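In what follows, a structure is listed as structure tokens, so that the remarks can point back to it.
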Amino acid sequence: MTNSPPPGTFFQRDFTWHPPALTPGYKTSVTRAPQRARIAYDNTVTELTGPTFGHNIIGELDNDLTLNYARPGHSAQGPRIIVHGHVLDEEARPVPNVLVEFWQANAGGRYRHKKDSYLAPLDPDFGGCGRTVTDAEGRYHFRTILPGPYPWPNGVNDWRPAHIHFSLFGHGFAQRLITQMYFEGDPHIDICPILQTIPSKAAIDTLVARLDMNHTVPMDARAYRMDFVLRGQRQTLFENKMEGM
Amino acid sequence: MRYLKETPSQTAGPYVHIGCVPSFAGLEGMFGGRDLGDKMITGDAKGERITLTGHVHDGTGMAIRDALLEIWQADAAGLYNSPQERRGAADPHFTGWGRQPTDGETGRYRFETIKPGPVPWSDGRMQAPHILVWIVARGINMGLATRVYFDDEQEANAADPLLARIEHRDRIPTLLARREGDTYHFDIHLQGPDETIFFDI
Ligand SMILES: [Fe+3]
């Protein structure tokens with residue numbers, strides 16, 4: 001047994017900030033949205049704990065999508081970029097040592113997936129996925145190529161803005177999050193049915209990465225900056241002592 | 001002080017497999033050729049070995065074939081394999097975390113795991129053995145959390161503090177996995193008369 005206090009509970013989620021389950025503009029949600037209210041309860045040790053993934057699971061090229069599926073001596077086609085930022089909590093504290101996974105279409109907007117039948121060709125040197133673990137200051141970074149926009153069956157002419165999908169773990173399973181990152185200046189942002197499932201423009205804006213010339217590597221790759229925020233956690237200092245924990 | 005807002009959720013989309021289970025998606029050799037979370041038992045883990053399996057149904061009743069499920073659970077002694085677990089050291093041969101896609105043809109998911117031990121509620125009373133389940137898929141804007149309880153744990157279930165607070169008692173069976181030998185069957189219904197109870201965790 002250890003003497004450290006149990007972790008505090010997570011801040012309540014603001015469901016008016018996240019997209020609701022039922023968003024008819026995104027048609028697939030209509031049959032996949034639960035209709036009853038979620039039942040809430042105080043976090044227990046089940047939700048306060050979560051899996052951990054050491055830095056040792058990460059291979060040398062896991063965070064370089066330009067190379068991690070490329071043939072020897074080749075690299076993925078498309079504009080080369082670096083995506084970087086912090087994983088923070090709602091009190092702006094860094095979240096260190098957490099797994100960040102990402103996946104995306106290639107420069108033409110095509111996924112390496114048997115269900116993607118878009119006309120744009122596959123790139124033999126691009127797989128489309130990567131992963132990393134945040135450092136002690138909650139930072140992450142990876143290299144990739146700028147993904148292309150792509151059409152998808154929803155309306156007759158809906159196109160996704162260029163985007164990268166992200167999966168994030170926190171320190172407790174209640175912080176688990178999957179989301180998408182977009183690129184500053186993309187005119188599809190304002191007309192994308194999936195992005196527009198998010199009710200507020202301010203919330204949408206937090207998913208838009210900014211061009212970051214300071215971290216751009218001259219003659220090599222432009223940089224985009226994107227920070228992620230996971231749920232905050234109460235300090236046990238202020239909590240009632242939990243009997244029996 | 002100034003608080004930041006949590007990053008808004010977005011759907012995992014139809015191609016979540018590329019990022020989370022790339023070997024399943026056909027990206028041969030990616031990440032050493034092994035999908036993270038595919039094996040929860042990594043050695044001589046203590047406890048009863050079980051299979052947890054079922055389907056995820058949409059509002060039309062169809063089993064959805066592009067979902068991804070994650071489970072998180074205690075070991076046989078009721079301890080979590082996590083740095084946040086402060087009550088003792090969990091079984092080193094059991095990760096407690098699994099990730100599996102639903103089958104692209106049949107829609108069936110399947111976890112090989114162990115039966116979890118009981119863990120405490122926030123006031124110290126014991127909860128019935130349970131597994132936390134998290135479901136993402138195309139059309140799901142934010143991951144859905146539910147819990148698996150076990151239909152052969154009637155006494156523990158009857159004393160469970162979370163089950164006790166569920167007002168609509170007729171919905172509790174949506175949280176019960178049905179035992180058949182070493183297999184527990186647990187179907188998830190996103191909508192409809194049998195809609196699974198989802199939790200705000
Ligand atoms: Fe996408």
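Letters for chains follow the order of the structure tokens (A, B, ...), residue numbers begin at 1 for each chain, and ligand numbers begin at 1 in the order shown.
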- Task: Identify all chain B residues at most 6 Å from chain A by counting only C-alpha atoms; ligands do not count. Present them as a count of residues only.
- Result: 29
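Residues in contact with range 145-158 of chain B at up to 7 Å, not including ones fewer than 6 positions away on its chain and judged by only C-alpha atoms, are Ala128, Pro129, His130, Ile131, Leu132, Val133, Trp134, Ile135, Leu175, Leu176, Ala177, Arg178, Arg179, Ile197, Phe198 and Phe199 of chain B.
Interatomic distance, CA of Arg110 in chain A to CA of Tyr150 in chain A: 7.1 Å.
For the pair CA of Trp97 in chain B and CA of Ala74 in chain B, the interatomic distance is 9.0 Å.
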Can you list every residue of chain B that has an atom at most 9 Å from ligand 1, with its nearest atom pair and the distance in Å to one decimal, using only C-alpha atoms and all ligand atoms, ordered by chain then number, as a Markdown table?
| residue | atom | partner | partner_atom_place_in_ligand_line | distance |
| --- | --- | --- | --- | --- |
| B:Ala12 | CA | ligand 1 | 1 (Fe) | 8.1 |
| B:Gly13 | CA | ligand 1 | 1 (Fe) | 6.2 |
| B:Pro14 | CA | ligand 1 | 1 (Fe) | 7.7 |
| B:Tyr15 | CA | ligand 1 | 1 (Fe) | 6.9 |
| B:Val16 | CA | ligand 1 | 1 (Fe) | 8.4 |
Mind writing the picked residues with N, CA and C atoms as an mmCIF file, in the first residue's frame?
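Dumped to selection.cif:
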data_model
loop_
_atom_site.group_PDB
_atom_site.id
_atom_site.type_symbol
_atom_site.label_atom_id
_atom_site.label_comp_id
_atom_site.auth_asym_id
_atom_site.auth_seq_id
_atom_site.Cartn_x
_atom_site.Cartn_y
_atom_site.Cartn_z
ATOM 1 N N ALA B 12 -14.873 9.806 -34.366
ATOM 2 C CA ALA B 12 -13.678 9.039 -34.737
ATOM 3 C C ALA B 12 -13.700 8.709 -36.231
ATOM 4 N N GLY B 13 -14.880 8.793 -36.841
ATOM 5 C CA GLY B 13 -15.002 8.603 -38.284
ATOM 6 C C GLY B 13 -14.901 7.144 -38.710
ATOM 7 N N PRO B 14 -15.058 6.914 -40.022
ATOM 8 C CA PRO B 14 -15.056 5.532 -40.526
ATOM 9 C C PRO B 14 -13.664 4.908 -40.592
ATOM 10 N N TYR B 15 -12.620 5.737 -40.451
ATOM 11 C CA TYR B 15 -11.262 5.221 -40.655
ATOM 12 C C TYR B 15 -10.450 5.217 -39.367
ATOM 13 N N VAL B 16 -11.153 5.180 -38.236
ATOM 14 C CA VAL B 16 -10.494 5.155 -36.919
ATOM 15 C C VAL B 16 -9.505 3.995 -36.816
#
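Proximity ranking of B:Arg65, B:Pro118, B:Met40, B:Gly47 relative to Thr95 in chain B places B:Met40 first, based on only C-alpha atoms.
Comparing B:Lys46, B:Gly61, B:Gly54, B:Met30 by their smallest distance to Ile18 in chain B, the closest is B:Met30 (using only C-alpha atoms).
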- Task: For Arg225 in chain A, work out the shell of residues within 6 Å, counting only C-alpha atoms and skipping chain neighbours fewer than 6 positions away, then give it as number ranges by chain.
- Result: A: 83-85, 209-210, 212
Output file for the selection above: N, CA, C and O atoms, as a short mmCIF file (atom, residue, chain, number, x, y, z; two decimals), in the first residue's frame:
data_model
loop_
_atom_site.label_atom_id
_atom_site.label_comp_id
_atom_site.auth_asym_id
_atom_site.auth_seq_id
_atom_site.Cartn_x
_atom_site.Cartn_y
_atom_site.Cartn_z
N VAL A 83 3.63 19.09 -36.85
CA VAL A 83 2.52 19.48 -35.99
C VAL A 83 3.02 19.33 -34.56
O VAL A 83 3.60 18.29 -34.21
N HIS A 84 2.83 20.37 -33.76
CA HIS A 84 3.35 20.31 -32.40
C HIS A 84 2.50 21.15 -31.46
O HIS A 84 1.71 21.98 -31.90
N GLY A 85 2.67 20.90 -30.18
CA GLY A 85 1.94 21.68 -29.18
C GLY A 85 2.01 20.99 -27.84
O GLY A 85 2.87 20.14 -27.60
N ALA A 209 -5.58 24.54 -36.11
CA ALA A 209 -4.15 24.74 -35.88
C ALA A 209 -3.68 26.01 -36.59
O ALA A 209 -4.16 26.35 -37.66
N ARG A 210 -2.73 26.70 -35.95
CA ARG A 210 -2.17 27.93 -36.51
C ARG A 210 -0.81 27.66 -37.15
O ARG A 210 -0.01 26.91 -36.58
N ASP A 212 2.87 28.20 -37.69
CA ASP A 212 3.84 28.63 -36.68
C ASP A 212 5.20 28.78 -37.36
O ASP A 212 5.98 27.83 -37.44
#
- Note on the structure: Correct to one decimal, the distance CA of Arg169 in chain B-CA of Gln127 in chain B is 17.5 Å
- Which of range 166-237 of chain A DSSP labels helix (DSSP H, G or I), written as a VMD selection string: chain A and resid 173 to 175 189 to 191 195 to 197 201 to 205 213 to 215 236 to 237
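Residues with any atom within 7 Å of range 119-123 of chain A, counting only C-alpha atoms and excluding same-chain neighbours fewer than 5 positions away, are Ala76, Gln77, Asn106, Gly108, Gly109, Arg110 and Arg112 of chain A.
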Save the residues we just selected, N, CA, C and O atoms, as a PDB file, in the first residue's frame?
ATOM      1  N   ALA A  76       6.893  10.240 -48.157  1.00  0.00           N
ATOM      2  CA  ALA A  76       5.515  10.497 -48.582  1.00  0.00           C
ATOM      3  C   ALA A  76       5.439  11.756 -49.439  1.00  0.00           C
ATOM      4  O   ALA A  76       6.209  12.699 -49.260  1.00  0.00           O
ATOM      5  N   GLN A  77       4.469  11.762 -50.379  1.00  0.00           N
ATOM      6  CA  GLN A  77       4.284  12.929 -51.245  1.00  0.00           C
ATOM      7  C   GLN A  77       3.387  13.959 -50.571  1.00  0.00           C
ATOM      8  O   GLN A  77       2.428  13.595 -49.898  1.00  0.00           O
ATOM      9  N   ASN A 106      -3.987  10.977 -47.233  1.00  0.00           N
ATOM     10  CA  ASN A 106      -2.747  11.422 -47.877  1.00  0.00           C
ATOM     11  C   ASN A 106      -2.944  12.799 -48.515  1.00  0.00           C
ATOM     12  O   ASN A 106      -4.003  13.425 -48.366  1.00  0.00           O
ATOM     13  N   GLY A 108      -3.576  13.715 -51.381  1.00  0.00           N
ATOM     14  CA  GLY A 108      -4.698  13.792 -52.314  1.00  0.00           C
ATOM     15  C   GLY A 108      -6.053  13.631 -51.647  1.00  0.00           C
ATOM     16  O   GLY A 108      -7.097  13.702 -52.302  1.00  0.00           O
ATOM     17  N   GLY A 109      -6.071  13.376 -50.339  1.00  0.00           N
ATOM     18  CA  GLY A 109      -7.342  13.210 -49.631  1.00  0.00           C
ATOM     19  C   GLY A 109      -7.829  11.772 -49.563  1.00  0.00           C
ATOM     20  O   GLY A 109      -8.993  11.513 -49.270  1.00  0.00           O
ATOM     21  N   ARG A 110      -6.949  10.825 -49.796  1.00  0.00           N
ATOM     22  CA  ARG A 110      -7.321   9.405 -49.819  1.00  0.00           C
ATOM     23  C   ARG A 110      -6.742   8.678 -48.603  1.00  0.00           C
ATOM     24  O   ARG A 110      -5.574   8.871 -48.267  1.00  0.00           O
ATOM     25  N   ARG A 112      -5.707   5.132 -46.623  1.00  0.00           N
ATOM     26  CA  ARG A 112      -5.304   3.751 -46.880  1.00  0.00           C
ATOM     27  C   ARG A 112      -6.244   2.839 -46.091  1.00  0.00           C
ATOM     28  O   ARG A 112      -5.929   2.370 -44.999  1.00  0.00           O
TER      29      ARG A 112
END
- Would you please give, as a PyMOL selection string, all residues of range 16-197 of chain A that DSSP assigns to strand (DSSP E or B) based on the backbone? chain A and resi 39-40+64+80-89+94+99-103+129-133+139-145+150-152+158-160+163-168+177-183
The selected residues should be written to file as a short mmCIF file (atom, residue, chain, number, x, y, z; two decimals), in the first residue's frame (atoms: C-alpha atoms).
data_model
loop_
_atom_site.label_atom_id
_atom_site.label_comp_id
_atom_site.auth_asym_id
_atom_site.auth_seq_id
_atom_site.Cartn_x
_atom_site.Cartn_y
_atom_site.Cartn_z
CA ILE A 39 -26.57 9.08 -16.07
CA ALA A 40 -23.98 10.97 -14.01
CA ASP A 64 7.18 10.62 -38.67
CA ARG A 80 5.88 18.59 -45.49
CA ILE A 81 4.72 19.83 -42.09
CA ILE A 82 5.47 19.50 -38.40
CA VAL A 83 2.52 19.48 -35.99
CA HIS A 84 3.35 20.31 -32.40
CA GLY A 85 1.94 21.68 -29.18
CA HIS A 86 1.05 20.86 -25.61
CA VAL A 87 -1.45 18.58 -23.97
CA LEU A 88 -2.79 20.57 -21.03
CA ASP A 89 -5.59 20.21 -18.52
CA PRO A 94 0.86 20.08 -18.67
CA LEU A 99 -0.25 8.58 -25.49
CA VAL A 100 -1.27 10.71 -28.50
CA GLU A 101 -2.28 8.88 -31.69
CA PHE A 102 -3.04 10.49 -35.06
CA TRP A 103 -4.29 9.39 -38.47
CA CYS A 129 -0.90 6.89 -38.89
CA GLY A 130 1.51 7.79 -36.13
CA ARG A 131 1.81 8.06 -32.39
CA THR A 132 3.89 9.63 -29.66
CA VAL A 133 3.95 10.08 -25.88
CA ARG A 139 4.66 18.51 -25.32
CA TYR A 140 4.21 16.40 -28.42
CA HIS A 141 5.33 16.75 -32.03
CA PHE A 142 5.30 14.78 -35.25
CA ARG A 143 6.17 15.13 -38.91
CA THR A 144 3.69 14.46 -41.68
CA ILE A 145 2.38 15.82 -44.96
CA TYR A 150 -11.97 14.83 -49.55
CA PRO A 151 -15.60 14.29 -50.55
CA TRP A 152 -17.83 12.05 -48.46
CA ASP A 158 -20.01 17.55 -48.94
CA TRP A 159 -16.24 17.84 -48.58
CA ARG A 160 -14.19 17.51 -45.42
CA HIS A 163 -7.82 17.47 -41.08
CA ILE A 164 -5.90 15.12 -38.83
CA HIS A 165 -7.70 12.79 -36.40
CA PHE A 166 -6.35 12.62 -32.84
CA SER A 167 -6.84 10.16 -29.99
CA LEU A 168 -5.68 11.28 -26.54
CA LEU A 177 -10.89 11.96 -25.98
CA ILE A 178 -11.00 11.57 -29.75
CA THR A 179 -11.15 14.68 -31.92
CA GLN A 180 -9.92 16.26 -35.18
CA MET A 181 -7.53 19.09 -35.98
CA TYR A 182 -8.04 21.53 -38.86
CA PHE A 183 -5.82 24.07 -40.62
#
